[in-house]
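K.L.:
Would you mind keeping the following structure in view while I ask a few things?
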Amino acid sequence: MAELVVVANRLPVAPATAADGTVTWEASPGGLVTALTPVLLARRGAWVGWPGTRAGVEGEPQAPAEIVTEEGLHLHPVELDGDDYERFYEGFANATLWPLLHGLIVAPRYEGDWWESYREVNHRYALAAAERADHGATVWVQDYQLMLVPGILRQLRPDLTIGFFLHIPFPAPEIFRQLPWREEVIRGLLGADLVGFHLDSCADNFLELCRNIPGHGSAHTGLPDTLEVTGASSVRRATGAVTAPDGRRVRVGSFPISIDSAKVIERAGRADAARVRRLTGDPAVLLAGVDRLDYTKGILRRLEAFEELLATGALDPAETVLVQVATPSRERVADYRRLRAEVEHAVGRINGRFAELGRPVIHYIHRPVAFDRLLELYRAADIMLVTALRDGMNLVCKEYVACHGDASGALVLSEFTGAATELDGAHLCNPHDIESVKRAVMAAVHADPADARERMARMHAQVRDHDVDLWAGAFLEELAAAHAGGGPR
Ligand code: GDG
């Protein structure tokens with residue numbers, strides 16, 4: 001039994017199949033697992049999540065009941081079958097909640113059978129966590145796939161301390177209120193002792209929503225007619241509180257996530273940036289983009305801005321190269337398939353217009369890339385383009401900045417990313433306005449060298465000093481205080 005249980009959609013592992021067909025489960029490193037591993041090991045921790053392969057689907061490896069990693073982490077797989085994958089994961093999580101919480105970049109779909117699956121699968125995760133948690137343990141639930149888990153867990157195990165963290169944005173209340181099942185989702189979140197967001201503005205949106213949920217009668221939803229909410233939405237503040245339907249005080253706060261800065265800085269020191277520059281033809285200006293191929297990331301706008309800058313001669317096609325890594329993501333969801341076609345069409349068009357033999361203006365990679373290769377690209381790039389239409393935080397820009405401890409490079413950053421509130425040396429842009437993106441790119445190209453170095457040094461220090469350990473520690477400390485005391489700080 002565990003004193004600390006992390007519940008996340010995915011376990012931090014992936015199956016590897018050897019030539020003889022034997023399957024091993026290998027750790028897939030990421031900021032979250034790096035930050036949480038020491039805490040989990042110190043507190044007899046466990047991680048509950050989906051191992052990434054569908055149960056009962058031929059050809060997909062089946063996970064054992066427990067996986068123990070080399071470091072000694074205990075991982076507990078939750079099974080999803082093909083139906084769950086389609087309706088819970090691709091459906092409600094990624095075609096309803098993802099676009100809704102990102103503020104309607106594409107239209108969310110509201111399907112009753114997806115919702116039923118979401119409830120059912122959330123139950124499964126909550127049961128798995130309840131089985132692993134010691135009496136009085138702490139359970140930390142992660143992200144939008146599992147918003148009902150805190151409420152279900154609270155009913156199953158009133159002895160637990162429960163935290164919830166949302167990794168993506170939380171929109172203005174009038175947007176969230178579109179969701180036909182909004183009361184149940186809010187009630188699910190209010191099962192936690194602490195609900196955390198990246199930004200004050202998202203915490204404020206949630207508090208404002210709780211303050212004013214129209215038309216809910218307590219008989220129907222179990223929510224009181226007026227939730228008592230402290231923490232005014234008009235004033236930016238780090239924390240507030242809501243009184244849950246059962247009378248508990250639920251704290252609401254902001255905890256901006258970061259990366260394993262020391263590790264990235266150390267590995268970047270060994271990255272062969274010269275190799276990337278050589279392979280891209282030693283351009284005068286090397287631009288880079290690294291994103292999951294997701295419509296929230298603004299890849300198309302970035303390509304269009306690049307195209308216009310080449311077309312007008314602001315950037316010289318003979319001297320400028322863009323490397324765009326667009327990692328495959330959610331490929332069976334219709335909006336993602338459409339986006340891929342549009343992006344690849346644009347890459348083809350732009351190379352068709354401006355490339356010479358042996359010298360494409362865009363190098364496009366639509367495959368997962370080893371992290372050390374990404375670090376080489378980060379090190380090599382003169383300008384990093386992060387033009388998300390909406391992004392909870394965005395870790396790519398923090399990784400880029402961590403790779404530039406020598407104060408080289410420049411960051412073009414969308415003002416709609418969480419990171420924009422922290423990285424004040426970036427060239428900010430509004431990705432909905434192509435002129436703004438073009439201006440930011442050209443400001444980075446023509447920046448005064450001393451100013452550019454000062455900007456990057458400032459951002460590097462920010463990321464170096466605010467890493468993912470600090471994030472996890474702050475959340476867990478606030479969670480312990482919330483459970484002990486309730487109410488805002
Ligand atoms: C969600 C929120 C929030 C990407 N391609 C490859 C690869 N990556 C790695 C990057 C980075 C991570 O994936 C992407 O993180 P982001 O933060 O940029 O974006 P999301 O995946 O949308 O993450 C986001 C985050 O949660 C944390 O709370 O910041 O706002 O949307 O670390 O390096 N890594 C490797 N190969 C790739 O091809 N190895």
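Simple scheme: letters A, B, ... for chains in structure tokens order, numbers from 1 for residues in each chain, numbers from 1 for ligands in the order shown.
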Enumerate, as a list in words, the complete set of residues in region 170-302 of chain A that a backbone-based DSSP assignment places in strand (DSSP E or B).

P.N.:
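Reading the DSSP output for region 170-302 of chain A, strand (DSSP E or B) covers Leu194, Val195, Gly196, Phe197, Val229, Thr230, Thr239, Gly240, Ala241, Val242, Thr243, Arg249, Val250, Arg251, Val252, Gly253, Ser254, Val285, Leu286, Leu287, Ala288, Gly289, Val290, Asp291 and Arg292 of chain A.
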
K.L.:
For the selection you just gave me, I'd like the residues written to a file as a short mmCIF file (atom, residue, chain, number, x, y, z; two decimals), in the first residue's frame, keeping N, CA and C atoms.

P.N.:
```cif
data_model
loop_
_atom_site.label_atom_id
_atom_site.label_comp_id
_atom_site.auth_asym_id
_atom_site.auth_seq_id
_atom_site.Cartn_x
_atom_site.Cartn_y
_atom_site.Cartn_z
N LEU A 194 -7.46 20.33 -3.05
CA LEU A 194 -6.77 21.41 -3.76
C LEU A 194 -6.93 21.17 -5.26
N VAL A 195 -7.39 22.20 -5.96
CA VAL A 195 -7.46 22.14 -7.42
C VAL A 195 -6.44 23.14 -7.95
N GLY A 196 -5.47 22.65 -8.73
CA GLY A 196 -4.38 23.50 -9.19
C GLY A 196 -4.41 23.73 -10.69
N PHE A 197 -4.00 24.93 -11.10
CA PHE A 197 -3.89 25.32 -12.50
C PHE A 197 -2.49 25.90 -12.70
N VAL A 229 -17.69 31.24 -2.53
CA VAL A 229 -16.40 31.32 -3.22
C VAL A 229 -15.64 32.53 -2.72
N THR A 230 -14.39 32.34 -2.37
CA THR A 230 -13.56 33.50 -2.05
C THR A 230 -12.45 33.58 -3.09
N THR A 239 -4.55 32.34 -5.05
CA THR A 239 -5.38 31.29 -4.48
C THR A 239 -6.74 31.80 -4.03
N GLY A 240 -7.68 30.91 -3.98
CA GLY A 240 -9.01 31.20 -3.47
C GLY A 240 -9.57 29.90 -2.90
N ALA A 241 -10.85 29.88 -2.60
CA ALA A 241 -11.43 28.65 -2.09
C ALA A 241 -12.91 28.58 -2.44
N VAL A 242 -13.41 27.35 -2.51
CA VAL A 242 -14.82 27.10 -2.78
C VAL A 242 -15.31 26.16 -1.69
N THR A 243 -16.55 26.35 -1.24
CA THR A 243 -17.13 25.37 -0.33
C THR A 243 -17.82 24.29 -1.17
N ARG A 249 -13.93 22.81 2.53
CA ARG A 249 -13.31 23.93 1.81
C ARG A 249 -12.35 23.35 0.78
N VAL A 250 -12.49 23.75 -0.45
CA VAL A 250 -11.59 23.29 -1.51
C VAL A 250 -10.72 24.48 -1.92
N ARG A 251 -9.41 24.32 -1.79
CA ARG A 251 -8.53 25.42 -2.20
C ARG A 251 -8.31 25.38 -3.71
N VAL A 252 -8.13 26.55 -4.27
CA VAL A 252 -7.88 26.68 -5.71
C VAL A 252 -6.62 27.53 -5.85
N GLY A 253 -5.65 27.06 -6.62
CA GLY A 253 -4.41 27.83 -6.69
C GLY A 253 -3.71 27.67 -8.03
N SER A 254 -2.64 28.45 -8.21
CA SER A 254 -1.88 28.34 -9.47
C SER A 254 -0.44 27.90 -9.19
N VAL A 285 20.28 32.11 -41.00
CA VAL A 285 19.25 32.12 -39.95
C VAL A 285 18.58 30.75 -39.90
N LEU A 286 18.71 30.08 -38.75
CA LEU A 286 18.05 28.78 -38.57
C LEU A 286 16.91 28.95 -37.58
N LEU A 287 15.69 28.71 -38.07
CA LEU A 287 14.51 28.78 -37.22
C LEU A 287 14.06 27.36 -36.90
N ALA A 288 13.40 27.18 -35.75
CA ALA A 288 12.93 25.83 -35.42
C ALA A 288 11.57 25.89 -34.75
N GLY A 289 10.81 24.80 -34.95
CA GLY A 289 9.55 24.59 -34.25
C GLY A 289 9.50 23.14 -33.82
N VAL A 290 9.05 22.89 -32.60
CA VAL A 290 8.93 21.51 -32.10
C VAL A 290 7.58 21.42 -31.39
N ASP A 291 6.69 20.62 -31.93
CA ASP A 291 5.36 20.53 -31.33
C ASP A 291 4.77 19.13 -31.59
N ARG A 292 3.86 18.70 -30.70
CA ARG A 292 2.96 17.65 -31.13
C ARG A 292 2.13 18.26 -32.26
#
```

K.L.:
Residues at most 10 Å from Gly91 (chain A), counting only C-alpha atoms, excluding those fewer than 4 positions away in the same chain, as a ChimeraX atom specification?

P.N.:
/A:84-87,95-98,108-111,113-115,117-118,333

K.L.:
Check which residues fall inside 9 Å of ligand 1 when counting only C-alpha atoms and all ligand atoms, and print them as a PyMOL selection string.

P.N.:
chain A and resi 29-32+143+165-169+198+256-259+290-294+296-297+325-328+365-375+386+390-399+417-419

K.L.:
Which residues are near Ile265 (chain A)? Cut-off 9 Å, only C-alpha atoms, ignore same chain within fewer than 6 positions. Put them as a compact mmCIF listing (two decimals) with all heavy atoms, in the first residue's frame.

P.N.:
```txt
# COMPACT_ATOMS: atom_id res chain seq x y z
N GLU A 399 12.45 24.38 -22.58
CA GLU A 399 13.59 23.53 -22.95
C GLU A 399 14.57 24.31 -23.83
O GLU A 399 15.79 24.22 -23.64
CB GLU A 399 13.09 22.27 -23.68
CG GLU A 399 12.32 21.32 -22.75
CD GLU A 399 11.51 20.25 -23.46
OE1 GLU A 399 11.41 20.28 -24.71
OE2 GLU A 399 10.96 19.38 -22.77
N ALA A 402 16.49 26.72 -21.72
CA ALA A 402 17.46 26.01 -20.86
C ALA A 402 18.72 25.64 -21.65
O ALA A 402 19.81 25.55 -21.09
CB ALA A 402 16.82 24.76 -20.28
N CYS A 403 18.56 25.43 -22.97
CA CYS A 403 19.70 25.04 -23.81
C CYS A 403 20.58 26.23 -24.18
O CYS A 403 21.58 26.06 -24.87
CB CYS A 403 19.20 24.39 -25.10
SG CYS A 403 18.51 22.75 -24.82
N HIS A 404 20.19 27.45 -23.79
CA HIS A 404 20.95 28.63 -24.20
C HIS A 404 21.54 29.38 -23.01
O HIS A 404 21.36 30.60 -22.86
CB HIS A 404 20.08 29.52 -25.11
CG HIS A 404 19.88 28.90 -26.46
ND1 HIS A 404 20.62 29.24 -27.57
CD2 HIS A 404 19.08 27.90 -26.85
CE1 HIS A 404 20.26 28.48 -28.59
NE2 HIS A 404 19.33 27.65 -28.18
N GLY A 405 22.25 28.61 -22.19
CA GLY A 405 22.95 29.19 -21.04
C GLY A 405 24.04 30.15 -21.47
O GLY A 405 24.51 30.97 -20.68
N ARG A 464 16.19 28.13 -15.11
CA ARG A 464 17.15 27.43 -14.25
C ARG A 464 16.65 27.42 -12.80
O ARG A 464 16.74 26.40 -12.11
CB ARG A 464 18.50 28.16 -14.33
CG ARG A 464 19.64 27.47 -13.59
CD ARG A 464 20.80 28.44 -13.44
NE ARG A 464 20.35 29.63 -12.70
CZ ARG A 464 20.84 30.87 -12.87
NH1 ARG A 464 21.79 31.11 -13.76
NH2 ARG A 464 20.40 31.88 -12.15
```

K.L.:
Could you tell me how far CA of Ala2 (chain A) sits from CA of Arg43 (chain A), in Å to one decimal place?

P.N.:
7.1 Å

K.L.:
Would you please work out which residue, of A:Asn9, A:Thr34, A:Thr22, A:Gln142, is nearest to Gly52 (chain A) when using only C-alpha atoms?

P.N.:
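Among the listed residues, A:Asn9 lies closest to Gly52 (chain A).
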
K.L.:
Between CA of Cys429 (chain A) and CA of Asp200 (chain A), what is the distance in Å, rounded to a tenth?

P.N.:
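Going from CA of Cys429 (chain A) over to CA of Asp200 (chain A), I get 20.8 Å.
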
K.L.:
Measure the distance from CA of Glu131 (chain A) to CA of Arg44 (chain A) in Å and round it to one decimal.

P.N.:
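So the two atoms, CA of Glu131 (chain A) and CA of Arg44 (chain A), lie 14.3 Å apart.
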
K.L.:
Point out the residue among A:Pro431, A:Val343, A:Thr53, A:Met147 with the least atom-to-atom distance to Ala8 (chain A), counting only C-alpha atoms.

P.N.:
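Looking only at the distances to Ala8 (chain A), the closest residue turns out to be A:Met147.
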
K.L.:
Please list as a list in words every residue within 6 Å of Ala407 (chain A), counting only C-alpha atoms and excluding residues in the same chain fewer than 5 positions away.

P.N.:
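Returned residues: Arg453, Met456 and Ala457 of chain A.
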
K.L.:
Would you please give, as a ChimeraX atom specification, all residues of region 32-145 of chain A that DSSP assigns to alpha helix (DSSP H) based on the backbone?

P.N.:
/A:32-42,82-84,98-101,112-132

K.L.:
Nearest to Gly473 (chain A) among A:Ala388, A:Ala35, A:Ala137, A:Ala410, with distances taken over only C-alpha atoms: which residue is it?

P.N.:
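Closest residue, counting only C-alpha atoms: A:Ala35.
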
K.L.:
Given the choices A:Tyr89, A:Phe255, A:Phe206, A:Phe354, which gets closest to Val468 (chain A) if the distance is worked out from only C-alpha atoms?

P.N.:
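Under the stated criterion, the closest residue is A:Phe255.
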